[in-house]
file coords.cif (mmCIF, C-alpha atoms)
data_protein
loop_
_atom_site.label_atom_id
_atom_site.label_comp_id
_atom_site.auth_asym_id
_atom_site.auth_seq_id
_atom_site.Cartn_x
_atom_site.Cartn_y
_atom_site.Cartn_z
CA MET A 299 85.66 -8.14 -161.12
CA GLU A 300 82.83 -6.95 -163.33
CA ILE A 301 80.56 -9.67 -164.60
CA SER A 302 77.53 -9.45 -166.86
CA PHE A 303 75.31 -12.20 -168.12
CA GLY A 304 75.97 -12.95 -171.75
CA LYS A 305 72.30 -13.75 -172.30
CA PRO A 306 69.06 -12.87 -170.46
CA VAL A 307 68.30 -14.80 -167.30
CA HIS A 308 64.82 -14.79 -165.81
CA GLU A 309 64.66 -13.52 -162.24
CA ASP A 310 63.16 -16.81 -161.05
CA VAL A 311 66.25 -18.63 -162.32
CA LEU A 312 69.09 -17.64 -160.05
CA PRO A 313 72.00 -20.04 -160.59
CA LEU A 314 74.18 -17.96 -158.32
CA LYS A 315 72.20 -19.14 -155.34
CA GLU A 316 74.04 -22.42 -155.82
CA ILE A 317 77.34 -20.56 -156.01
CA LEU A 318 76.53 -18.87 -152.74
CA LYS A 319 75.71 -22.17 -151.07
CA ILE A 320 79.11 -23.53 -152.12
CA ALA A 321 80.88 -20.29 -151.34
CA LEU A 322 79.61 -20.04 -147.80
CA LYS A 323 81.30 -23.33 -146.98
CA LEU A 324 84.68 -22.46 -148.47
CA ASP A 325 85.55 -19.04 -147.13
CA ASP A 326 88.94 -17.81 -146.02
CA CYS A 327 88.56 -14.14 -146.93
CA SER A 328 88.87 -12.54 -143.53
CA ARG A 329 87.10 -9.35 -142.51
CA ARG A 330 88.96 -9.30 -139.21
CA ILE A 331 90.71 -5.94 -139.40
CA HIS A 332 91.86 -5.05 -135.93
CA VAL A 333 92.32 -1.77 -134.09
CA GLN A 334 95.89 -0.62 -133.91
CA GLU A 335 97.19 1.17 -130.83
CA PRO A 336 97.66 3.94 -130.16
CA ILE A 337 94.47 5.51 -131.41
CA PRO A 338 93.69 7.05 -133.89
CA LEU A 339 95.18 4.33 -136.07
CA ARG A 340 92.21 2.31 -137.22
CA PHE A 341 93.34 -0.89 -138.87
CA ARG A 342 96.14 -3.35 -138.70
CA ARG A 343 96.74 -6.79 -140.13
CA ALA A 344 97.81 -9.08 -137.34
CA ASN A 345 99.20 -11.69 -139.69
CA ALA A 346 98.98 -12.89 -143.26
CA ARG A 347 95.62 -14.53 -142.69
CA ASP A 348 94.13 -11.28 -141.41
CA ARG A 349 94.94 -9.46 -144.61
CA PHE A 350 92.14 -8.53 -146.95
CA PRO A 351 93.33 -10.18 -150.21
CA CYS A 352 89.93 -9.96 -151.80
CA THR A 353 88.73 -9.20 -155.25
CA ILE A 354 85.64 -7.16 -156.01
CA LYS A 355 83.51 -8.85 -158.61
CA VAL A 356 80.34 -7.92 -160.38
CA LEU A 357 77.42 -10.17 -161.24
CA VAL A 358 73.87 -9.87 -162.46
CA ASN A 359 71.01 -11.76 -160.83
CA ALA A 360 73.05 -12.78 -157.81
CA SER A 361 71.16 -13.67 -154.68
CA LYS A 362 71.01 -10.77 -152.22
CA LYS A 363 71.54 -13.20 -149.36
CA ARG A 364 74.93 -12.55 -147.85
CA TYR A 365 76.62 -14.20 -144.90
CA ASP A 366 75.27 -17.37 -143.32
CA GLY A 367 78.36 -18.32 -141.40
CA ASN A 368 81.73 -17.80 -143.01
CA ILE A 369 82.21 -15.28 -145.78
CA LEU A 370 83.07 -15.77 -149.38
CA LEU A 371 80.84 -13.46 -151.39
CA ASP A 372 80.17 -9.94 -150.17
CA VAL A 373 77.59 -8.18 -152.35
CA TRP A 374 78.53 -4.49 -152.33
CA ASN A 375 75.75 -2.78 -154.25
CA ASP A 376 72.05 -3.31 -154.80
CA ILE A 377 70.99 -6.14 -157.04
CA SER A 378 69.60 -4.17 -159.98
CA ARG A 379 67.97 -5.25 -163.19
CA ASN A 380 70.18 -4.91 -166.26
CA ARG A 381 73.08 -3.58 -164.20
CA SER A 382 76.30 -5.07 -162.93
CA VAL A 383 76.59 -6.10 -159.30
CA HIS A 384 79.79 -5.77 -157.33
CA LEU A 385 81.05 -8.70 -155.30
CA MET A 386 84.11 -9.14 -153.14
CA PHE A 387 85.70 -12.53 -152.61
CA ASN A 388 89.05 -14.10 -151.84
CA GLN A 389 91.62 -14.20 -154.61
CA THR A 390 92.38 -17.84 -153.80
CA LYS A 391 88.94 -18.80 -155.15
CA MET A 392 89.52 -17.35 -158.61
CA SER A 393 90.89 -20.57 -160.04
CA TRP A 394 87.57 -22.39 -159.67
CA MET A 395 85.08 -19.52 -159.60
CA MET A 396 86.18 -17.95 -162.86
CA PRO A 397 85.45 -21.07 -164.92
CA LEU A 398 82.16 -21.39 -163.09
CA PHE A 399 81.16 -17.84 -164.05
CA GLU A 400 82.07 -18.53 -167.65
CA THR A 401 79.94 -21.65 -167.61
CA LEU A 402 77.02 -19.44 -166.53
CA HIS A 403 77.55 -17.20 -169.58
CA MET A 404 79.17 -14.36 -167.65
CA LYS A 405 81.97 -12.09 -168.76
CA PRO A 406 84.11 -11.30 -165.71
CA GLU A 407 86.17 -8.16 -165.49
CA ILE A 408 88.44 -7.35 -162.55
CA MET A 409 87.88 -4.02 -160.79
CA HIS A 410 90.29 -4.36 -157.84
CA ARG A 411 92.66 -7.18 -157.00
CA ASN A 412 93.29 -6.12 -153.41
CA VAL A 413 90.68 -4.32 -151.34
CA GLN A 414 93.04 -4.23 -148.37
CA GLN A 415 95.24 -1.90 -150.40
CA LEU A 416 92.32 0.51 -150.78
CA VAL A 417 91.68 0.34 -147.04
CA ASP A 418 95.38 0.93 -146.32
CA VAL A 419 95.43 4.08 -148.46
CA GLU A 420 92.33 5.39 -146.70
CA GLU A 421 93.78 4.49 -143.31
CA ASN A 422 97.06 6.27 -144.01
CA MET A 423 95.25 9.39 -145.18
CA LEU A 424 93.10 9.59 -142.05
CA ARG A 425 96.10 8.84 -139.85
CA MET A 426 98.09 11.70 -141.37
CA GLN A 427 95.14 14.03 -140.99
CA ALA A 428 94.75 13.07 -137.33
CA ARG A 429 98.41 13.83 -136.66
CA SER A 430 98.35 17.10 -138.55
CA SER A 431 97.84 20.40 -136.76
CA VAL A 432 95.77 21.67 -139.68
CA PRO A 433 92.08 21.72 -138.72
CA ARG A 434 89.78 19.71 -140.96
CA GLY A 435 86.40 21.11 -141.93
CA ILE A 436 83.27 19.05 -142.19
CA GLN A 437 83.76 18.72 -145.96
CA ASP A 438 87.45 17.86 -145.80
CA THR A 439 87.49 14.33 -144.42
CA PHE A 440 85.37 11.42 -143.23
CA HIS A 441 84.72 12.22 -139.59
CA ASN A 442 83.96 9.56 -137.01
CA TYR A 443 80.88 9.57 -134.78
CA ASP A 444 82.36 11.69 -131.99
CA GLN A 445 83.74 14.26 -134.42
CA LEU A 446 80.43 14.55 -136.24
CA SER A 447 78.57 14.89 -132.94
CA ASP A 448 80.88 17.69 -131.83
CA TRP A 449 80.41 19.46 -135.16
CA LEU A 450 76.61 19.25 -134.91
CA LYS A 451 76.66 20.82 -131.45
CA GLN A 452 79.00 23.54 -132.65
CA ILE A 453 77.03 24.50 -135.75
CA VAL A 454 73.74 24.60 -133.83
CA ALA A 455 75.37 26.91 -131.29
CA THR A 456 76.53 29.10 -134.18
CA TYR A 457 73.11 29.26 -135.85
CA PRO A 458 70.57 28.96 -133.00
CA GLN A 459 67.95 30.91 -134.95
CA LEU A 460 67.96 28.26 -137.70
CA ALA A 461 68.84 24.97 -136.05
CA VAL A 462 67.82 22.83 -133.08
CA LEU A 463 69.63 19.61 -132.12
CA GLN A 464 68.05 16.79 -130.16
CA SER A 465 68.64 13.11 -129.47
CA ILE A 466 65.71 11.00 -130.63
CA GLY A 467 67.01 7.80 -129.07
CA LYS A 468 69.96 5.79 -127.83
CA THR A 469 71.70 2.89 -129.57
CA TYR A 470 72.55 -0.45 -127.97
CA GLU A 471 76.00 0.95 -127.11
CA ASN A 472 74.35 4.08 -125.66
CA ARG A 473 75.24 6.55 -128.40
CA ASP A 474 72.84 9.37 -129.21
CA ILE A 475 70.87 9.25 -132.45
CA TRP A 476 71.03 12.93 -133.34
CA LEU A 477 68.35 14.82 -135.21
CA ILE A 478 68.84 18.40 -136.34
CA LYS A 479 65.79 20.49 -137.23
CA LEU A 480 66.43 23.27 -139.73
CA THR A 481 64.02 26.10 -140.50
CA SER A 482 63.85 29.88 -140.29
CA ASN A 483 61.51 32.21 -138.44
CA SER A 484 60.67 33.90 -141.74
CA GLY A 485 58.64 32.93 -144.77
CA ALA A 486 55.63 30.68 -144.83
CA THR A 487 53.48 30.32 -141.72
CA ASN A 488 52.45 26.75 -142.56
CA LYS A 489 55.69 25.20 -143.70
CA LYS A 490 56.06 21.88 -145.45
CA THR A 491 57.92 19.15 -143.59
CA ALA A 492 60.62 16.76 -144.78
CA PHE A 493 62.50 13.97 -143.02
CA LEU A 494 65.96 13.03 -144.28
CA ASP A 495 68.24 10.33 -142.89
CA PHE A 496 71.76 9.26 -143.73
CA GLY A 497 74.11 6.45 -142.80
CA ILE A 498 71.72 3.57 -142.09
CA HIS A 499 74.48 1.20 -143.27
CA ALA A 500 77.77 1.65 -141.46
CA ARG A 501 80.25 1.24 -144.31
CA GLU A 502 78.53 3.79 -146.57
CA TRP A 503 80.66 6.69 -145.33
CA ILE A 504 79.74 9.03 -148.18
CA SER A 505 76.15 9.11 -146.89
CA PRO A 506 76.65 10.86 -143.51
CA ALA A 507 79.31 13.04 -145.13
CA THR A 508 76.70 14.17 -147.67
CA GLY A 509 74.18 14.82 -144.91
CA ALA A 510 76.69 17.03 -143.10
CA TYR A 511 77.42 18.84 -146.38
CA ILE A 512 73.74 19.65 -146.89
CA ILE A 513 73.33 20.87 -143.30
CA ASN A 514 76.41 23.05 -143.63
CA GLU A 515 75.27 24.59 -146.92
CA LEU A 516 71.82 25.46 -145.62
CA LEU A 517 73.07 27.09 -142.44
CA THR A 518 76.17 28.89 -143.68
CA LYS A 519 74.53 30.18 -146.87
CA TYR A 520 71.17 31.27 -145.45
CA ALA A 521 72.21 34.85 -144.73
CA SER A 522 73.35 35.27 -148.34
CA GLY A 523 69.88 34.48 -149.66
CA GLY A 524 69.49 32.16 -152.62
CA ASP A 525 68.51 28.52 -152.36
CA ALA A 526 69.35 28.08 -148.68
CA LYS A 527 67.01 30.91 -147.69
CA THR A 528 64.30 29.74 -150.09
CA ILE A 529 64.29 26.24 -148.58
CA LEU A 530 64.46 27.21 -144.90
CA ASP A 531 61.79 29.89 -145.36
CA SER A 532 59.37 27.34 -146.79
CA TRP A 533 60.35 24.02 -145.20
CA GLU A 534 61.04 22.37 -141.88
CA LEU A 535 63.83 19.87 -142.48
CA HIS A 536 64.26 17.13 -139.88
CA ILE A 537 67.60 15.48 -140.56
CA VAL A 538 69.27 12.46 -138.97
CA PRO A 539 72.84 12.70 -140.28
CA MET A 540 73.87 9.30 -138.89
CA LEU A 541 71.18 6.71 -138.24
CA ASN A 542 73.57 3.87 -137.32
CA PRO A 543 76.08 5.38 -134.86
CA ASP A 544 77.36 2.10 -133.38
CA GLY A 545 77.97 0.46 -136.73
CA TYR A 546 79.51 3.59 -138.19
CA GLN A 547 81.95 3.98 -135.32
CA TYR A 548 82.82 0.28 -135.56
CA SER A 549 83.61 0.72 -139.25
CA HIS A 550 86.04 3.49 -138.27
CA THR A 551 87.79 1.58 -135.51
CA LYS A 552 87.72 -2.12 -136.34
CA GLU A 553 86.02 -3.36 -139.48
CA ARG A 554 85.77 -1.03 -142.48
CA MET A 555 83.20 -3.14 -144.33
CA TRP A 556 80.76 -3.47 -141.43
CA ARG A 557 77.14 -2.88 -142.49
CA LYS A 558 74.73 -3.55 -139.60
CA ASN A 559 74.29 -2.11 -136.12
CA ARG A 560 76.21 -3.69 -133.24
CA LYS A 561 73.63 -5.39 -131.03
CA PRO A 562 74.51 -8.99 -130.08
CA VAL A 563 72.07 -11.28 -131.87
CA GLY A 564 73.15 -14.80 -130.86
CA ASN A 565 75.41 -17.48 -132.32
CA ASN A 566 78.36 -15.24 -131.44
CA CYS A 567 77.13 -12.81 -134.10
CA TYR A 568 76.39 -9.11 -133.98
CA GLY A 569 74.09 -6.69 -135.68
CA VAL A 570 70.78 -6.28 -137.46
CA ASP A 571 70.47 -4.79 -140.93
CA LEU A 572 68.43 -1.72 -140.01
CA ASN A 573 67.10 -1.42 -143.54
CA ARG A 574 65.44 -4.82 -143.19
CA ASN A 575 63.95 -4.16 -139.73
CA PHE A 576 61.15 -1.70 -140.50
CA GLY A 577 57.61 -2.84 -139.99
CA TYR A 578 56.03 -2.72 -143.43
CA GLN A 579 56.08 -6.05 -145.28
CA PHE A 580 58.69 -7.21 -142.78
CA ASN A 581 60.47 -10.48 -143.67
CA THR A 582 58.66 -11.00 -146.96
CA GLY A 583 61.77 -11.38 -149.11
CA GLY A 584 65.29 -10.12 -149.61
CA SER A 585 66.35 -10.44 -145.98
CA SER A 586 67.80 -13.23 -143.85
CA SER A 587 66.75 -14.97 -140.64
CA SER A 588 70.38 -15.92 -139.94
CA PRO A 589 71.90 -13.74 -137.20
CA CYS A 590 75.28 -13.82 -138.94
CA SER A 591 73.90 -12.60 -142.26
CA ASP A 592 74.59 -9.06 -143.38
CA THR A 593 70.89 -8.77 -144.22
CA PHE A 594 69.63 -10.22 -140.92
CA HIS A 595 66.24 -8.62 -140.36
CA GLY A 596 66.11 -9.09 -136.59
CA GLY A 597 63.79 -11.19 -134.49
CA ILE A 598 60.72 -9.01 -135.00
CA ALA A 599 59.87 -5.86 -136.92
CA MET A 600 61.00 -2.57 -135.36
CA SER A 601 63.10 -4.44 -132.80
CA GLU A 602 66.08 -2.11 -133.11
CA ASN A 603 66.57 1.11 -131.19
CA GLU A 604 67.38 2.99 -134.38
CA ALA A 605 64.15 1.92 -136.11
CA LYS A 606 62.16 2.61 -132.94
CA ALA A 607 63.65 6.11 -132.75
CA LEU A 608 62.33 6.94 -136.22
CA GLN A 609 58.98 5.35 -135.44
CA THR A 610 58.55 7.31 -132.22
CA TYR A 611 59.58 10.61 -133.77
CA MET A 612 57.87 10.34 -137.15
CA THR A 613 54.55 8.65 -136.37
CA PRO A 614 52.82 11.53 -134.55
CA ARG A 615 53.84 14.11 -137.17
CA LYS A 616 52.67 14.93 -140.67
CA TRP A 617 55.25 14.69 -143.45
CA ASP A 618 55.31 15.89 -147.04
CA THR A 619 58.31 13.82 -148.07
CA TYR A 620 60.85 11.30 -146.80
CA LEU A 621 64.34 10.85 -148.24
CA THR A 622 66.86 8.22 -147.17
CA PHE A 623 70.41 8.32 -148.53
CA HIS A 624 72.50 5.19 -149.12
CA SER A 625 75.46 4.30 -151.29
CA TYR A 626 76.26 3.34 -153.86
CA GLY A 627 74.98 3.09 -157.45
CA GLN A 628 73.37 6.41 -158.48
CA ILE A 629 69.83 5.11 -158.22
CA GLY A 630 66.70 6.96 -157.13
CA LYS A 631 63.97 4.54 -156.11
CA GLY A 632 60.81 4.30 -154.10
CA TYR A 633 58.47 1.64 -152.81
CA THR A 634 59.26 -2.07 -153.08
CA GLY A 635 56.69 -4.34 -154.70
CA VAL A 636 54.21 -3.33 -157.36
CA ASP A 637 54.37 0.19 -158.71
CA PRO A 638 52.64 2.45 -156.17
CA PRO A 639 49.64 4.69 -156.78
CA ARG A 640 50.50 7.95 -158.56
CA PHE A 641 53.65 6.32 -159.87
CA ALA A 642 53.94 8.62 -162.90
CA GLU A 643 53.77 11.64 -160.60
CA LEU A 644 56.32 10.14 -158.23
CA LYS A 645 58.71 9.44 -161.09
CA ALA A 646 58.29 12.94 -162.53
CA LYS A 647 59.04 14.49 -159.15
CA ALA A 648 62.15 12.36 -158.74
CA LYS A 649 63.29 13.30 -162.23
CA ILE A 650 63.37 16.96 -161.22
CA GLY A 651 65.96 16.17 -158.59
CA ALA A 652 67.88 13.77 -160.83
CA ASP A 653 68.10 16.31 -163.66
CA ALA A 654 69.41 18.92 -161.24
CA ILE A 655 72.04 16.50 -159.94
CA ARG A 656 73.16 15.72 -163.46
CA SER A 657 73.55 19.43 -164.26
CA VAL A 658 76.39 19.74 -161.72
CA ASN A 659 78.88 17.00 -162.62
CA GLY A 660 77.11 15.13 -165.41
CA ARG A 661 76.40 12.07 -163.29
CA ALA A 662 73.09 10.44 -164.11
CA TYR A 663 70.74 8.63 -161.75
CA THR A 664 68.51 5.74 -162.79
CA ILE A 665 64.96 6.40 -161.59
CA GLY A 666 62.12 4.00 -160.94
CA SER A 667 60.31 1.91 -158.38
CA SER A 668 62.16 -0.83 -156.59
CA ALA A 669 59.85 -3.23 -158.41
CA GLN A 670 61.29 -2.00 -161.72
CA LEU A 671 64.92 -1.59 -160.76
CA LEU A 672 65.73 -4.08 -158.02
CA TYR A 673 64.89 -7.38 -156.49
CA VAL A 674 62.78 -7.71 -153.35
CA ALA A 675 64.30 -6.23 -150.17
CA SER A 676 61.59 -6.08 -147.54
CA GLY A 677 61.69 -4.11 -144.30
CA GLY A 678 63.21 -0.96 -145.78
CA SER A 679 62.60 2.46 -144.29
CA GLU A 680 61.20 4.03 -147.47
CA ASP A 681 58.62 1.26 -147.76
CA TRP A 682 57.63 1.78 -144.14
CA THR A 683 57.21 5.54 -144.53
CA ALA A 684 55.12 5.05 -147.67
CA GLY A 685 53.14 2.00 -146.60
CA SER A 686 52.67 2.61 -142.88
CA LEU A 687 52.92 6.38 -142.49
CA GLY A 688 51.30 7.24 -145.81
CA ILE A 689 54.11 9.53 -147.01
CA THR A 690 53.53 9.40 -150.75
CA TYR A 691 56.83 11.00 -151.70
CA SER A 692 59.15 8.48 -150.07
CA TYR A 693 62.43 7.86 -151.87
CA CYS A 694 65.75 6.11 -151.40
CA LEU A 695 68.81 7.58 -153.12
CA GLU A 696 71.86 5.44 -153.75
CA LEU A 697 74.65 8.01 -153.92
CA PRO A 698 77.67 7.77 -156.27
CA PRO A 699 79.72 6.13 -157.52
CA THR A 700 78.47 3.40 -159.84
CA GLY A 701 81.70 1.46 -159.48
CA GLY A 702 85.25 2.57 -158.89
CA THR A 703 86.30 2.05 -155.29
CA GLY A 704 82.74 1.52 -154.10
CA PHE A 705 82.31 2.19 -150.39
CA ILE A 706 85.91 3.36 -150.05
CA ALA A 707 85.26 6.73 -151.65
CA PRO A 708 88.11 9.25 -151.88
CA VAL A 709 87.87 12.35 -149.72
CA ALA A 710 87.44 14.47 -152.85
CA GLU A 711 84.11 12.73 -153.35
CA ILE A 712 82.65 14.46 -150.27
CA LYS A 713 82.47 17.85 -151.95
CA LYS A 714 81.61 16.44 -155.37
CA THR A 715 78.77 14.25 -154.15
CA GLY A 716 77.69 16.79 -151.55
CA ALA A 717 77.45 19.65 -154.04
CA GLU A 718 75.41 17.79 -156.63
CA THR A 719 73.15 16.17 -154.03
CA PHE A 720 72.45 19.56 -152.44
CA VAL A 721 71.44 20.97 -155.81
CA GLY A 722 69.22 17.96 -156.46
CA VAL A 723 67.51 18.10 -153.05
CA VAL A 724 66.90 21.85 -153.44
CA ALA A 725 65.34 21.41 -156.88
CA TYR A 726 63.20 18.53 -155.62
CA LEU A 727 61.93 20.49 -152.60
CA LYS A 728 61.21 23.55 -154.73
CA SER A 729 58.91 21.45 -156.90
CA PHE A 730 56.32 21.13 -154.12
#
call {"tool": "encode", "arguments": {"input": "coords.cif", "output": "structure tokens"}}
result
Amino acid sequence: MEISFGKPVHEDVLPLKEILKIALKLDDCSRRIHVQEPIPLRFRRANARDRFPCTIKVLVNASKKRYDGNILLDVWNDISRNRSVHLMFNQTKMSWMMPLFETLHMKPEIMHRNVQQLVDVEENMLRMQARSSVPRGIQDTFHNYDQLSDWLKQIVATYPQLAVLQSIGKTYENRDIWLIKLTSNSGATNKKTAFLDFGIHAREWISPATGAYIINELLTKYASGGDAKTILDSWELHIVPMLNPDGYQYSHTKERMWRKNRKPVGNNCYGVDLNRNFGYQFNTGGSSSSPCSDTFHGGIAMSENEAKALQTYMTPRKWDTYLTFHSYGQIGKGYTGVDPPRFAELKAKAKIGADAIRSVNGRAYTIGSSAQLLYVASGGSEDWTAGSLGITYSYCLELPPTGGTGFIAPVAEIKKTGAETFVGVVAYLKSF
């Protein structure tokens, strides 16, 4: 459902906070999607209650706070100024929520009446691919953690002169957090350095798929010259293609809409929102102290293995830029709070990448500081790299789409998003 305010509402007046308080007490929209045996089937609906009969809705000025107990409202995209916000909630609540939205001067518009149906289509596609004897390339499907790990090892073995793979840490469930370093032995003697990470939120499958696309393009196209050679001859790229392995694997096997990592956090709840756990301006707004919340920031800053892995690896090194890739919304942003120093320069640099992205498929990104575009969300990685590590050019990109099926992107989106993002990243790096 797409909802926009019919008249301006000041950010300090958030009537939807009251909706959320009511909603959290009245939930019956289950996220319990179980594993089906035999593997590789990923989801099943044990009974009618375990279906996913939810409706995506869109609001403006909704509270970013998510789950404090049972679920009714699931905010899918970032809360942005002057943009619609996508929510998912149970169809059975429409009879009383719709009049409430209208009372608040909103104009609701349904996007999807049944999210479970989207999940079923995705499930069936991956199931057929798993049973097929036709090999699937890295750009042809959404690979799970083990498949992506195997591919990383294989491509590094194929291009040992350009790539080095290492684990920079272990998750709670003992999975490796892989980092691949890409550079050539040619070109500049004092190369610039960039850190890129993907997949900090488990359900954002297009993010690690885009990271793998970029790695593949740089390595397989280097020998042909062109942009791949230009970048690897002048840059060291340190890339974490999947920052949240446990959560990502869980989203493939049990719960498609899972967001956090998978560490037990008390109250029979699991997971910390890794993008609220970083140690700059930790717990100063836009996160939750409730262990069951999807934006739970953790007990203390940098408590999570994934955040610690970045801290340990990045802190001793000098960096020219940091890029973190999320989905979705087609937004390029940097630095929460007041506009940072050199903001005009930061925005101009980001525009170079955004213009290049738009030249491929015509899809436009909105550019600005988080202070301009979004509401407060403290503890993010791009704020930490800018505020604590002093990396001026720190950006977060919210990959496509702006709506549609949201997190449940079609497989065709891998090549489309990957191609335009590669062009944008290349143009951005060339501007240094």
call {"tool": "residues_around", "arguments": {"input": "coords.cif", "residues": "range 521-536 of chain A", "least_positions_apart": "6", "cutoff": "8 Å", "atoms": "all atoms listed in the file", "output": "VMD selection string"}}
result
chain A and resid 477 to 486 489 to 494 515 724 727 to 728
call {"tool": "closest_atom_pairs", "arguments": {"input": "coords.cif", "of": "range 496-531 of chain A", "to": "range 674-698 of chain A", "cutoff": "12 Å", "atoms": "only C-alpha atoms", "output": "Markdown table"}}
result
| residue | atom | partner | partner_atom | distance |
| --- | --- | --- | --- | --- |
| A:Phe496 | CA | A:Leu695 | CA | 10.0 |
| A:Gly497 | CA | A:Glu696 | CA | 11.2 |
| A:Ile498 | CA | A:Ser679 | CA | 9.4 |
| A:His499 | CA | A:Glu696 | CA | 11.6 |
| A:Glu502 | CA | A:Leu697 | CA | 9.3 |
| A:Trp503 | CA | A:Leu697 | CA | 10.6 |
| A:Ile504 | CA | A:Leu697 | CA | 7.7 |
| A:Ser505 | CA | A:Leu697 | CA | 7.3 |
| A:Pro506 | CA | A:Leu697 | CA | 11.0 |
| A:Ala507 | CA | A:Leu697 | CA | 11.1 |
| A:Thr508 | CA | A:Leu697 | CA | 9.0 |
| A:Gly509 | CA | A:Leu697 | CA | 11.3 |
call {"tool": "write_last_selection", "arguments": {"input": "coords.cif", "atoms": "C-alpha atoms", "output": "mmCIF file, in the coordinates of the input"}}
result
data_model
loop_
_atom_site.group_PDB
_atom_site.id
_atom_site.type_symbol
_atom_site.label_atom_id
_atom_site.label_comp_id
_atom_site.auth_asym_id
_atom_site.auth_seq_id
_atom_site.Cartn_x
_atom_site.Cartn_y
_atom_site.Cartn_z
ATOM 1 C CA PHE A 496 71.760 9.260 -143.730
ATOM 2 C CA GLY A 497 74.110 6.450 -142.800
ATOM 3 C CA ILE A 498 71.720 3.570 -142.090
ATOM 4 C CA HIS A 499 74.480 1.200 -143.270
ATOM 5 C CA GLU A 502 78.530 3.790 -146.570
ATOM 6 C CA TRP A 503 80.660 6.690 -145.330
ATOM 7 C CA ILE A 504 79.740 9.030 -148.180
ATOM 8 C CA SER A 505 76.150 9.110 -146.890
ATOM 9 C CA PRO A 506 76.650 10.860 -143.510
ATOM 10 C CA ALA A 507 79.310 13.040 -145.130
ATOM 11 C CA THR A 508 76.700 14.170 -147.670
ATOM 12 C CA GLY A 509 74.180 14.820 -144.910
#
call {"tool": "closest_residue", "arguments": {"input": "coords.cif", "among": "A:Arg473, A:Lys645, A:Arg501, A:His410", "to": "Arg554 in chain A", "atoms": "all atoms listed in the file"}}
result
A:Arg501
call {"tool": "closest_residue", "arguments": {"input": "coords.cif", "among": "A:Ala455, A:Met600, A:Ile512, A:Ala500", "to": "Asn542 in chain A", "atoms": "all atoms listed in the file"}}
result
A:Ala500
call {"tool": "closest_residue", "arguments": {"input": "coords.cif", "among": "A:Leu608, A:Val723, A:Ala461, A:Ile513", "to": "Ile650 in chain A", "atoms": "all atoms listed in the file"}}
result
A:Val723
call {"tool": "resolve_selection", "arguments": {"input": "coords.cif", "expression": "the PyMOL selection byres ((chain A and resi 663) around 8)", "output": "list in words"}}
result
Gln628, Ile629, Gly630, Ala652, Arg656, Arg661, Ala662, Thr664 and Ile665 of chain A
call {"tool": "atom_distance", "arguments": {"input": "coords.cif", "atom1": "CA of Thr703 in chain A", "atom2": "CA of Val373 in chain A"}}
result
13.8 Å
call {"tool": "closest_residue", "arguments": {"input": "coords.cif", "among": "A:Phe720, A:Ile598, A:Phe580, A:Asp444", "to": "Tyr548 in chain A", "atoms": "all atoms listed in the file"}}
result
A:Asp444
call {"tool": "closest_residue", "arguments": {"input": "coords.cif", "among": "A:Ala428, A:Ser465, A:Pro433, A:Asp418", "to": "Leu450 in chain A", "atoms": "all atoms listed in the file"}}
result
A:Ser465
call {"tool": "residues_around", "arguments": {"input": "coords.cif", "residues": "Ala599 in chain A", "least_positions_apart": "4", "cutoff": "7 Å", "atoms": "all atoms listed in the file", "output": "list in words"}}
result
Asn575, Phe576, Gly577 and Phe580 of chain A
call {"tool": "residues_near_point", "arguments": {"input": "coords.cif", "point": "(81.9, 14.3, -151.5)", "cutoff": "10 Å", "atoms": "all atoms listed in the file", "output": "number ranges by chain"}}
result
A: 437-440, 503-505, 507-508, 511, 697-698, 707-719
call {"tool": "closest_residue", "arguments": {"input": "coords.cif", "among": "A:Ser447, A:Ser430, A:Asn603, A:Thr582", "to": "Gln547 in chain A", "atoms": "only C-alpha atoms"}}
result
A:Ser447
call {"tool": "resolve_selection", "arguments": {"input": "coords.cif", "expression": "the PyMOL selection byres ((chain A and resi 474) around 10)", "output": "number ranges by chain"}}
result
A: 443, 447, 464-473, 475-477, 540-544, 604
call {"tool": "resolve_selection", "arguments": {"input": "coords.cif", "expression": "the PyMOL selection byres ((chain A and resi 585) around 9)", "output": "list of chain:residue names"}}
result
A:Lys362, A:Lys363, A:Asp571, A:Arg574, A:Phe580, A:Asn581, A:Thr582, A:Gly583, A:Gly584, A:Ser586, A:Ser587, A:Ser591, A:Asp592, A:Thr593, A:Phe594, A:His595, A:Val674, A:Ala675, A:Ser676, A:Gly677
